[in-house]
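Scroll down for the structure; my scribbles are underneath it.
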Amino acid sequence: MESNWAAENLQTIRTLMERSAVYRRALAPVMIFVGMTGVIGAAAGWWLKIEDGSLFASYWMAISVVAIAGAFMLVRRQALKSAEPFWSPPTRRIAQAMLPALLIGCVFGLIAAVRLLHHRDDPFRVVLVLIWGLLYGLALNAAGFFMPRGIRWFGWAFIIVGLGLFLQLDSILEMGADLPHLLMGILFGLSHLAYGIYLYFTEPRKNESLS
């Protein structure tokens, strides 16, 4: 039984290493889509003046569902184009690695949506954004063990920035009611957009150097 488990893990690791370049190419459109969703979501939240604590949490959880669904469709389309199974053992490993941190973030969002009903709580909205950023960084860092190394660095960037912002929390809370949407737009919008553009423009040069 243990030999079969070890053999399966070894095959999964080998497959992940072989497909690392493919995953890197697949990440570019996913990151760009997620980044655009975050930027548009932040702009819409600011324009609609979504300041109620419960509505803020519900709104951004809905935006995250859109981002996840879009990323799912992009990855699925690329898997079909490459004639590969979508829910493969490597994909399951990545999903399992990210699940705990993402689940905790979802629970925090649900608690905020229920407990802050009809309450405009600026401090908690900012804290919720920072908690989401830290948990997302942990999720990316965990997934980075099964994906290209850049994902782990990207996750560490979320963790370091999140901790740095927590250290400046008192100063941040004085910056106005629109700050939570701005933070979400930067953390989950512009950062993904920048990383996706970087992947898009650097991958062809790497391919050319290998040819």
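A note on labels: chains of the structure tokens are A, B, ... as shown, every chain counts residues from 1, and ligands are counted from 1 in their shown order.
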Closest contacts (segment 135-180 of chain A/segment 104-108 of chain A, max 12 Å, only C-alpha atoms) as CSV:
residue,atom,partner,partner_atom,distance
A:Leu135,CA,A:Gly105,CA,6.4
A:Tyr136,CA,A:Gly105,CA,7.9
A:Gly137,CA,A:Gly105,CA,11.1
A:Leu138,CA,A:Gly105,CA,10.8
A:Ala139,CA,A:Gly105,CA,10.1
So that I have them on file, write out the residues from the current selection with all heavy atoms, as a CSV table (one decimal), in the first residue's frame.
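Below is the file that was written, again.csv:
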chain,number,residue,atom,x,y,z
A,135,LEU,N,-3.9,35.3,3.8
A,135,LEU,CA,-4.4,33.9,3.6
A,135,LEU,C,-4.1,33.5,2.1
A,135,LEU,O,-3.8,32.4,1.8
A,135,LEU,CB,-5.8,33.7,3.9
A,135,LEU,CG,-6.1,33.8,5.4
A,135,LEU,CD1,-7.6,33.8,5.7
A,135,LEU,CD2,-5.5,32.6,6.1
A,136,TYR,N,-4.4,34.5,1.2
A,136,TYR,CA,-4.1,34.2,-0.2
A,136,TYR,C,-2.6,34.0,-0.5
A,136,TYR,O,-2.3,33.1,-1.3
A,136,TYR,CB,-4.7,35.4,-1.1
A,136,TYR,CG,-4.6,35.1,-2.5
A,136,TYR,CD1,-5.3,34.1,-3.2
A,136,TYR,CD2,-3.7,35.9,-3.3
A,136,TYR,CE1,-5.3,33.9,-4.5
A,136,TYR,CE2,-3.6,35.7,-4.7
A,136,TYR,CZ,-4.4,34.7,-5.3
A,136,TYR,OH,-4.3,34.5,-6.6
A,137,GLY,N,-1.8,34.8,0.2
A,137,GLY,CA,-0.4,34.6,0.1
A,137,GLY,C,0.0,33.2,0.6
A,137,GLY,O,0.9,32.5,-0.1
A,138,LEU,N,-0.6,32.7,1.7
A,138,LEU,CA,-0.3,31.4,2.2
A,138,LEU,C,-0.7,30.3,1.2
A,138,LEU,O,-0.1,29.3,1.0
A,138,LEU,CB,-1.0,31.2,3.5
A,138,LEU,CG,-0.4,32.0,4.7
A,138,LEU,CD1,-1.3,31.8,5.9
A,138,LEU,CD2,1.0,31.5,5.0
A,139,ALA,N,-1.9,30.5,0.5
A,139,ALA,CA,-2.4,29.6,-0.4
A,139,ALA,C,-1.5,29.5,-1.6
A,139,ALA,O,-1.2,28.4,-2.1
A,139,ALA,CB,-3.8,30.0,-0.9
Please provide the set of residues having any atom within 12 Å of Leu167 of chain A, restricted to only C-alpha atoms, with same-chain residues fewer than 6 positions apart removed, written as a PDB file with all heavy atoms, in the first residue's frame.
ATOM      1  N   VAL A 127      -9.168  45.409   8.014  1.00  0.00           N
ATOM      2  CA  VAL A 127      -8.586  44.198   8.594  1.00  0.00           C
ATOM      3  C   VAL A 127      -8.959  42.980   7.765  1.00  0.00           C
ATOM      4  O   VAL A 127      -8.132  42.083   7.535  1.00  0.00           O
ATOM      5  CB  VAL A 127      -9.049  44.031  10.059  1.00  0.00           C
ATOM      6  CG1 VAL A 127      -8.637  42.665  10.604  1.00  0.00           C
ATOM      7  CG2 VAL A 127      -8.471  45.137  10.929  1.00  0.00           C
ATOM      8  N   LEU A 130      -6.762  42.774   4.718  1.00  0.00           N
ATOM      9  CA  LEU A 130      -5.407  42.321   5.041  1.00  0.00           C
ATOM     10  C   LEU A 130      -5.386  40.830   5.371  1.00  0.00           C
ATOM     11  O   LEU A 130      -4.445  40.118   4.996  1.00  0.00           O
ATOM     12  CB  LEU A 130      -4.849  43.136   6.208  1.00  0.00           C
ATOM     13  CG  LEU A 130      -4.725  44.645   5.969  1.00  0.00           C
ATOM     14  CD1 LEU A 130      -4.064  45.324   7.154  1.00  0.00           C
ATOM     15  CD2 LEU A 130      -3.955  44.933   4.689  1.00  0.00           C
ATOM     16  N   ILE A 160       4.345  39.389   2.928  1.00  0.00           N
ATOM     17  CA  ILE A 160       5.181  40.487   3.417  1.00  0.00           C
ATOM     18  C   ILE A 160       4.426  41.818   3.391  1.00  0.00           C
ATOM     19  O   ILE A 160       4.460  42.593   4.355  1.00  0.00           O
ATOM     20  CB  ILE A 160       6.473  40.573   2.578  1.00  0.00           C
ATOM     21  CG1 ILE A 160       7.346  39.338   2.834  1.00  0.00           C
ATOM     22  CG2 ILE A 160       7.251  41.844   2.907  1.00  0.00           C
ATOM     23  CD1 ILE A 160       8.526  39.210   1.904  1.00  0.00           C
ATOM     24  N   VAL A 161       3.726  42.080   2.279  1.00  0.00           N
ATOM     25  CA  VAL A 161       2.959  43.325   2.185  1.00  0.00           C
ATOM     26  C   VAL A 161       1.842  43.347   3.226  1.00  0.00           C
ATOM     27  O   VAL A 161       1.605  44.378   3.882  1.00  0.00           O
ATOM     28  CB  VAL A 161       2.382  43.492   0.769  1.00  0.00           C
ATOM     29  CG1 VAL A 161       1.384  44.646   0.723  1.00  0.00           C
ATOM     30  CG2 VAL A 161       3.505  43.734  -0.236  1.00  0.00           C
ATOM     31  N   LEU A 173      -5.893  53.356   8.743  1.00  0.00           N
ATOM     32  CA  LEU A 173      -7.301  53.596   9.058  1.00  0.00           C
ATOM     33  C   LEU A 173      -7.673  55.071   8.958  1.00  0.00           C
ATOM     34  O   LEU A 173      -8.855  55.415   8.899  1.00  0.00           O
ATOM     35  CB  LEU A 173      -7.625  53.076  10.461  1.00  0.00           C
ATOM     36  CG  LEU A 173      -7.559  51.553  10.632  1.00  0.00           C
ATOM     37  CD1 LEU A 173      -7.809  51.164  12.076  1.00  0.00           C
ATOM     38  CD2 LEU A 173      -8.554  50.867   9.711  1.00  0.00           C
TER      39      LEU A 173
END
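Atom CA of His181 of chain A sits 18.1 Å away from atom CA of Leu117 of chain A.
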* To do: Mind checking which residues fall within 8 Å of Ala95 of chain A, counting only C-alpha atoms, ignoring those fewer than 4 positions away in the same chain, and posting them as a PyMOL selection string?
  => chain A and resi 91+99+143
* Surrounding residues of segment 55-60 of chain A excluding itself and chain neighbours under 5 positions, 7 Å, only C-alpha atoms, as number ranges by chain -> A: 50, 109, 112-113
* Excluding Met36 of chain A and any residue of its chain fewer than 5 positions from it, enumerate the residues within 10 Å of it, using only C-alpha atoms, and give them as an NGL selection string. => :A and (30-31 or 41-42 or 67 or 185 or 188-190 or 192-193)
Export of the given selection (N, CA, C and O atoms) as an mmCIF file, in the first residue's frame:
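Now in part-v1.cif:
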data_model
loop_
_atom_site.group_PDB
_atom_site.id
_atom_site.type_symbol
_atom_site.label_atom_id
_atom_site.label_comp_id
_atom_site.auth_asym_id
_atom_site.auth_seq_id
_atom_site.Cartn_x
_atom_site.Cartn_y
_atom_site.Cartn_z
ATOM 1 N N VAL A 30 -4.528 33.534 -17.022
ATOM 2 C CA VAL A 30 -5.281 33.447 -15.771
ATOM 3 C C VAL A 30 -5.000 34.653 -14.892
ATOM 4 O O VAL A 30 -5.921 35.286 -14.355
ATOM 5 N N MET A 31 -3.713 34.992 -14.738
ATOM 6 C CA MET A 31 -3.354 36.128 -13.898
ATOM 7 C C MET A 31 -3.888 37.438 -14.468
ATOM 8 O O MET A 31 -4.347 38.312 -13.724
ATOM 9 N N GLY A 41 -13.502 45.341 -10.305
ATOM 10 C CA GLY A 41 -14.277 45.215 -9.075
ATOM 11 C C GLY A 41 -14.020 46.355 -8.115
ATOM 12 O O GLY A 41 -14.950 46.889 -7.491
ATOM 13 N N ALA A 42 -12.755 46.764 -7.975
ATOM 14 C CA ALA A 42 -12.419 47.869 -7.085
ATOM 15 C C ALA A 42 -13.023 49.177 -7.588
ATOM 16 O O ALA A 42 -13.575 49.966 -6.804
ATOM 17 N N ALA A 67 -13.841 35.613 -10.446
ATOM 18 C CA ALA A 67 -12.432 35.395 -10.788
ATOM 19 C C ALA A 67 -12.090 33.914 -10.831
ATOM 20 O O ALA A 67 -11.419 33.442 -11.758
ATOM 21 N N GLY A 185 -8.114 46.546 -4.914
ATOM 22 C CA GLY A 185 -7.722 46.757 -6.306
ATOM 23 C C GLY A 185 -6.234 46.585 -6.516
ATOM 24 O O GLY A 185 -5.792 46.067 -7.547
ATOM 25 N N PHE A 188 -5.308 42.499 -5.167
ATOM 26 C CA PHE A 188 -5.862 41.416 -5.974
ATOM 27 C C PHE A 188 -6.091 41.803 -7.435
ATOM 28 O O PHE A 188 -6.472 40.953 -8.228
ATOM 29 N N GLY A 189 -5.882 43.072 -7.759
ATOM 30 C CA GLY A 189 -6.056 43.505 -9.135
ATOM 31 C C GLY A 189 -4.741 43.786 -9.826
ATOM 32 O O GLY A 189 -4.268 43.028 -10.663
ATOM 33 N N LEU A 190 -4.111 44.891 -9.440
ATOM 34 C CA LEU A 190 -2.888 45.328 -10.115
ATOM 35 C C LEU A 190 -1.753 44.316 -9.976
ATOM 36 O O LEU A 190 -0.970 44.129 -10.921
ATOM 37 N N HIS A 192 -1.888 40.989 -9.753
ATOM 38 C CA HIS A 192 -2.092 39.887 -10.694
ATOM 39 C C HIS A 192 -1.887 40.349 -12.130
ATOM 40 O O HIS A 192 -1.327 39.619 -12.949
ATOM 41 N N LEU A 193 -2.374 41.537 -12.421
ATOM 42 C CA LEU A 193 -2.236 42.063 -13.771
ATOM 43 C C LEU A 193 -0.761 42.232 -14.124
ATOM 44 O O LEU A 193 -0.320 41.839 -15.224
#
* Do you know which residues are at most 12 Å from Ser171 of chain A counting only C-alpha atoms, after dropping those on the same chain fewer than 6 positions away, and could you put them as a list in words? -> Pro123, Val126, Gly164, Leu165 and Leu179 of chain A
Could you write those residues out with N, CA, C and O atoms, as a JSON list (two decimals), in the first residue's frame?
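So result-v8.json came out as:
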[["chain", "number", "residue", "atom", "x", "y", "z"],
["A", 123, "PRO", "N", -12.76, 49.98, 10.18],
["A", 123, "PRO", "CA", -11.61, 49.21, 10.67],
["A", 123, "PRO", "C", -11.70, 47.74, 10.29],
["A", 123, "PRO", "O", -10.71, 47.14, 9.87],
["A", 126, "VAL", "N", -10.94, 47.03, 6.55],
["A", 126, "VAL", "CA", -9.50, 47.05, 6.25],
["A", 126, "VAL", "C", -8.83, 45.80, 6.78],
["A", 126, "VAL", "O", -8.01, 45.17, 6.09],
["A", 164, "GLY", "N", 3.31, 44.02, 6.60],
["A", 164, "GLY", "CA", 3.75, 45.41, 6.66],
["A", 164, "GLY", "C", 2.58, 46.37, 6.85],
["A", 164, "GLY", "O", 2.68, 47.33, 7.62],
["A", 165, "LEU", "N", 1.47, 46.10, 6.16],
["A", 165, "LEU", "CA", 0.29, 46.95, 6.31],
["A", 165, "LEU", "C", -0.33, 46.82, 7.70],
["A", 165, "LEU", "O", -0.84, 47.79, 8.26],
["A", 179, "LEU", "N", -10.55, 53.45, 1.15],
["A", 179, "LEU", "CA", -9.30, 52.69, 1.18],
["A", 179, "LEU", "C", -9.48, 51.18, 1.00],
["A", 179, "LEU", "O", -8.69, 50.56, 0.28]]
* Asked: Expressed in Å to a single decimal, how great is the separation between atom CA of Asn141 of chain A and atom CA of Gly155 of chain A?
  -> 4.9 Å
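Across the structure, atom CA of Val75 of chain A and atom CA of Leu134 of chain A are spaced 24.5 Å apart.
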* **All helix (DSSP H, G or I) positions in segment 18-198 of chain A, as a ChimeraX atom specification** => /A:18,20-47,53-81,89-115,122-143,149-167,169-173,179-198
* To do: Using only C-alpha atoms, determine which residues lie at most 12 Å from Ser191 of chain A, disregarding the query and same-chain residues fewer than 6 positions distant; provide the list as a ChimeraX atom specification.
  => /A:31-39,133,137,154-155,157-158,161,183-185,197-198
* To do: Name the closest residue to Gly144 of chain A among the candidates A:Phe166, A:Glu174, A:Ser88, A:Ile94; distances are taken between atoms, counting only C-alpha atoms.
  => A:Ile94
